[in-house]
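Here's the structure we're looking at; comments come further down.
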Amino acid sequence: MIKTKKAERLIHAAGGLKQAKLILANVPDKTAFFYQLQIGLYARTGIAPQGVVTSVFLGGKWVIWGNPYDLIKLSELRRAAILLEKANVLDEACNDSQIDIKLHIALQKFTMGDYVVYLDLMDTDDLLKIIEIHNHPVNGIGYVVITHTGLKRKIPEGSIRKAMSQERLIKKRINHIDEALTVSEVEFIRRHVHA
């Protein structure tokens, strides 16, 4: 049984009870056992020839990920949510009371006009602008984005992140610290763009 203090820490780490319930309601795959808070993706671990491997659910598939830290066990988060909500599990188990089950509750991370880039470094590093938002009851939230060349793409929410201000300036994803601009370069670009 999970203790109240640990339950409170888990719920706080997840961003509150509402966010914890949202995380639990949207588990994409039965093999997802963890949630990685820093990047906001579901995760699992497995044994491979090179040892224990962590992968995250990204863009509808499992992708190997090299930072297996800050993982919250979904089973512990579920117990913590029940404990803090003071839900009567026995009533729900015998179906005596009406239970409102939402199969897919999704809150969109991005809005119309937001600039985003792909998370996957193997994909295009173009700056993308969100022009449409689609909420599908099974597949979740997806976006239609447009590149600076006018190419439109339909992409799932889990495969993109919000573009940083430097990426919006140079109109492409920054893949490495060596590609980042210095303060003087940023000021130079801003002066010439707004001039």
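Letters A, B, ... mark the chains of the structure tokens in the order given; residue numbers begin at 1 per chain; ligand numbers begin at 1, in order shown.
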Could you give me, as a Markdown table, a per-residue list for region 131-155 of chain A showing, wherever an atom lies at most 12 Å from an atom of region 169-175 of chain A, the closest pair of atoms and their distance in Å to one decimal, using only C-alpha atoms and sorting by chain then residue number from low to high?
```
| residue | atom | partner | partner_atom | distance |
| --- | --- | --- | --- | --- |
| A:Thr147 | CA | A:Lys171 | CA | 9.4 |
| A:His148 | CA | A:Lys171 | CA | 8.0 |
| A:Thr149 | CA | A:Lys171 | CA | 11.1 |
```
Do you know which residues are at most 12 Å from region 16-19 of chain A counting only C-alpha atoms, after dropping those on the same chain fewer than 5 positions away, and could you put them as a list in words?
-> Ala7, Glu8, Arg9, Leu10, Ile11, Leu24, Ala25, Asn26, Leu37, Gly40, Leu77, Arg78, Arg79, Ala80, Ala81, Ile82, Leu83, Leu84, Glu85, Lys86, Ile105, Ala106 and Leu107 of chain A
Per-residue nearest contacts region 137-163 of chain A to region 53-67 of chain A, cut-off 8 Å, using only C-alpha atoms, as a tab-separated table:
```
residue	atom	partner	partner_atom	distance
A:Ile155	CA	A:Gly59	CA	7.9
A:Pro156	CA	A:Gly59	CA	5.8
A:Glu157	CA	A:Gly59	CA	7.3
A:Gly158	CA	A:Gly59	CA	5.2
A:Ser159	CA	A:Gly59	CA	4.8
```
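The space separating CA of Leu181 (chain A) from CA of Ser165 (chain A) comes to 10.7 Å.
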Find the residues around region 114-126 of chain A up to 6 Å (only C-alpha atoms counted), leave out those fewer than 2 positions away in its own chain, and share them as a PyMOL selection string.
-> chain A and resi 111-112+128-130+159-163+172-173
